[in-house]
Structures are given as C-alpha cells and as structure tokens.
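> Got a structure for you, questions after.
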Amino acid sequence: MPPVDGRLGHEIAHGKYLVAHGAGEVWNWATPAGILRKARRAAMLGAGLDPGREALELGCGTGLFTREFARSGARLTALDISPDLLAIARKEVPAANVEFIEGNACAMPFPAGQFDCVVGSSVLHHLDPARALAECSRVLKPGGTLAFTEPNMLNPQIALEKNIPWLKKRLGDSPDETAFFRWEIIRLLAQAGFSQVRVAPFDFLHPAIPGFLLPLARPFTGFLERVPLLREIAGSLYIRAVK
C-alpha cells in the first residue's frame, strides 16, 4: 500500500486505540441496546447481499458486521486501513467466503467494475467522502448498488460530539471523523454518478438505554422515526444508491 496522508495516518493510529480500549465498547455495539442497533444495521445493509454476488465491505474494522454479511453467501471482500483491526477480524471471522484486504478506501486496490455491491457501517464519515464515493462508483459494475449507514449531523448529540474536539476525544472518536447532513450526502452521491439515491434518517434507540427498558423504548423510538420533521434529527442516515 502506498504511503498514507495525514488523515489516513490518523485512522491507522485510531485502529490501535480501538484495539487497546475494545472496539465494540468504543463503538457502543456491546450494550443491550447496542446489540439491537447492530443487528438492525446489519439487516439493512445486507439486504442486497445474495449467494454468488461479489460484495465489498468498506471499513470492516474487527469484523463485527463482516460476520453477519458472510452469512448471506455472497463472496465478500472486506477492506480496512488498520492492520491492527484486520488482525482481529481475520481471527473472528474465518469464513471461507470472506477475504480481508488492507487498503485505502479512497484508492482501492481493485479493478474497475469488480463488485455487484458496496456496503459499510459508519465508515464514510472517517474518509474524504467525495474520493471514497468516486472509488465506490469505479469498482462497482453498472447497475451495482451501494449501502451505508452514517451518523446524522442534525442529531444534537452527534453535532456536539463531532464538532467539539475535547468531547470527540473523550468519546473515542478519531481526530478527523465527522457526520453528514442528508442533503450533503445526496449531493456527493450525485457528483459520483449514482442514481436512485435514497437517504433516510433513522435510529432514536440510544445505546445507553438499559436492557430492562428496551421493551418500552423500542416502540417509542420507532414511533419517533415516523414523525415528520422530528425524524430528521434521528441519530443515523441510511444511504442507498445505484450506479
């Protein structure tokens, strides 16, 4: 892999931080609510994965989502910039239909038109999104699909976390990561040549909600996602598009 720039260097260093502090805990996937949130995202992102399809997962990290995607039967290539996170992923996900690759999502080591679909959970906001989406378009076949879940900058907590440096560091973010406004990611997808773009806010289920409250919280948070205007400040964006 060629030398990385400052931003990607920060992400490689962040991979070491995640290994040291527990990636699942930093990413909030380990709590009872976090486990439900992860399962929902895996189902959303994996909707287009079918046996025999060539799929690319960007930012696979420790393989938390890779394991779920592998169950689809798709031939899955999982890419990450961090050798430390990939070392864990290779141990945790020994599936025969998965190949882990160390590489830069903004300059991928793949030929044009290799993949039927590209998926990723919370990865674009770590990258230069214009470059990453251009690369996604390049490696996708005509008619190929893209699906990501990313943090929503209209969510008050997300906005504070991504824009206040000391809070970002305290919560375990990498120095350069950000979040997206819905209209911003729509514009970037159009610039990268994608069509049939759908960007929908979702997820009011906070990972800190204790397990005993989940039976009450889940219907209420689902209701909030259906309320016009209010749903715009949900915690995440579900992104789908076609090349």
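Each chain in the structure tokens gets a letter, A, B and so on, in the order shown; residues start at 1 in every chain, and ligands are counted from 1 in the order they appear.
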Give me the residues near Gly113 in chain A as an mmCIF file with N, CA and C atoms, in the first residue's frame, where near means some atom within 6 Å (using only C-alpha atoms) and where sequence neighbours in that chain fewer than 4 positions away do not count.


data_model
loop_
_atom_site.group_PDB
_atom_site.id
_atom_site.type_symbol
_atom_site.label_atom_id
_atom_site.label_comp_id
_atom_site.auth_asym_id
_atom_site.auth_seq_id
_atom_site.Cartn_x
_atom_site.Cartn_y
_atom_site.Cartn_z
ATOM 1 N N VAL A 139 -15.363 0.902 -8.759
ATOM 2 C CA VAL A 139 -15.229 -0.547 -8.574
ATOM 3 C C VAL A 139 -16.556 -1.286 -8.714
ATOM 4 N N LEU A 140 -17.685 -0.557 -8.778
ATOM 5 C CA LEU A 140 -18.984 -1.191 -8.965
ATOM 6 C C LEU A 140 -19.252 -1.487 -10.442
ATOM 7 N N LYS A 141 -19.948 -2.584 -10.676
ATOM 8 C CA LYS A 141 -20.444 -2.882 -12.006
ATOM 9 C C LYS A 141 -21.594 -1.938 -12.353
#

> Would you pick out the contacts of range 106-112 of chain A at 6 Å or less, using only C-alpha atoms, so that residues sharing its chain but fewer than 6 positions from it are not included, and give the list as a PDB file with C-alpha atoms, in the first residue's frame?


ATOM      1  CA  ARG A 131     -12.979  10.490  -3.110  1.00  0.00           C
ATOM      2  CA  ALA A 132     -14.402   7.403  -1.417  1.00  0.00           C
ATOM      3  CA  ARG A 138     -15.332   2.936 -10.120  1.00  0.00           C
ATOM      4  CA  VAL A 139     -15.229  -0.547  -8.574  1.00  0.00           C
TER       5      VAL A 139
END

> Using only C-alpha atoms, pick whichever of A:Ser174, A:Gln114, A:Thr31, A:Thr77 has the shortest atom-to-atom distance to Glu161 in chain A.

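So, comparing all the options, the nearest one is A:Ser174.
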
> Out of A:Ala33, A:Val19, A:Val26, A:Leu49, which residue has the shortest atom-to-atom distance to Ala87 in chain A when counting only C-alpha atoms?

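Checking each of A:Ala33, A:Val19, A:Val26, A:Leu49 against Ala87 in chain A, counting only C-alpha atoms, the winner is A:Val19.
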
> Mind checking which residues fall within 8 Å of range 234-240 of chain A, counting only C-alpha atoms, ignoring those fewer than 4 positions away in the same chain, and posting them as a PyMOL selection string?

chain A and resi 145-152+154-155+158+182+196-204+225+230

> Restricting it to C-alpha atoms, dump the selection as a PDB file, in the first residue's frame.


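selection_1.pdb was written with the following content:
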ATOM      1  CA  THR A 145     -25.680  -0.942  -5.518  1.00  0.00           C
ATOM      2  CA  LEU A 146     -24.245   0.991  -2.599  1.00  0.00           C
ATOM      3  CA  ALA A 147     -25.495   0.961   1.006  1.00  0.00           C
ATOM      4  CA  PHE A 148     -24.113   2.761   4.056  1.00  0.00           C
ATOM      5  CA  THR A 149     -25.276   3.795   7.493  1.00  0.00           C
ATOM      6  CA  GLU A 150     -23.664   7.004   8.752  1.00  0.00           C
ATOM      7  CA  PRO A 151     -24.091   9.483  11.653  1.00  0.00           C
ATOM      8  CA  ASN A 152     -26.576  12.313  11.120  1.00  0.00           C
ATOM      9  CA  LEU A 154     -28.701  17.104  12.543  1.00  0.00           C
ATOM     10  CA  ASN A 155     -28.812  14.948  15.670  1.00  0.00           C
ATOM     11  CA  ILE A 158     -23.849  13.828  17.109  1.00  0.00           C
ATOM     12  CA  ARG A 182     -28.763  14.418   4.400  1.00  0.00           C
ATOM     13  CA  GLN A 196     -31.936   6.197  -7.425  1.00  0.00           C
ATOM     14  CA  VAL A 197     -30.488   7.831  -4.327  1.00  0.00           C
ATOM     15  CA  ARG A 198     -32.279   7.305  -1.033  1.00  0.00           C
ATOM     16  CA  VAL A 199     -31.056   8.872   2.222  1.00  0.00           C
ATOM     17  CA  ALA A 200     -33.368   8.339   5.207  1.00  0.00           C
ATOM     18  CA  PRO A 201     -32.871   9.344   8.853  1.00  0.00           C
ATOM     19  CA  PHE A 202     -33.378   6.536  11.373  1.00  0.00           C
ATOM     20  CA  ASP A 203     -32.494   5.366  14.891  1.00  0.00           C
ATOM     21  CA  PHE A 204     -33.532   7.044  18.122  1.00  0.00           C
ATOM     22  CA  GLU A 225     -38.859   7.747  13.242  1.00  0.00           C
ATOM     23  CA  LEU A 230     -38.747  15.154  14.227  1.00  0.00           C
TER      24      LEU A 230
END

> For the strand (DSSP E or B) assignment from backbone DSSP, which residues of range 58-205 of chain A qualify? Please present them as a PyMOL selection string.

chain A and resi 58+75-80+98-102+104+107+115-121+140-152+180+195-202

> For a quick check of understanding, using only C-alpha atoms, which of A:Gly15, A:Pro142, A:Gly193, A:Gly73 has the smallest distance to Asp173 in chain A?

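Selected residue with least distance to Asp173 in chain A: A:Gly15.
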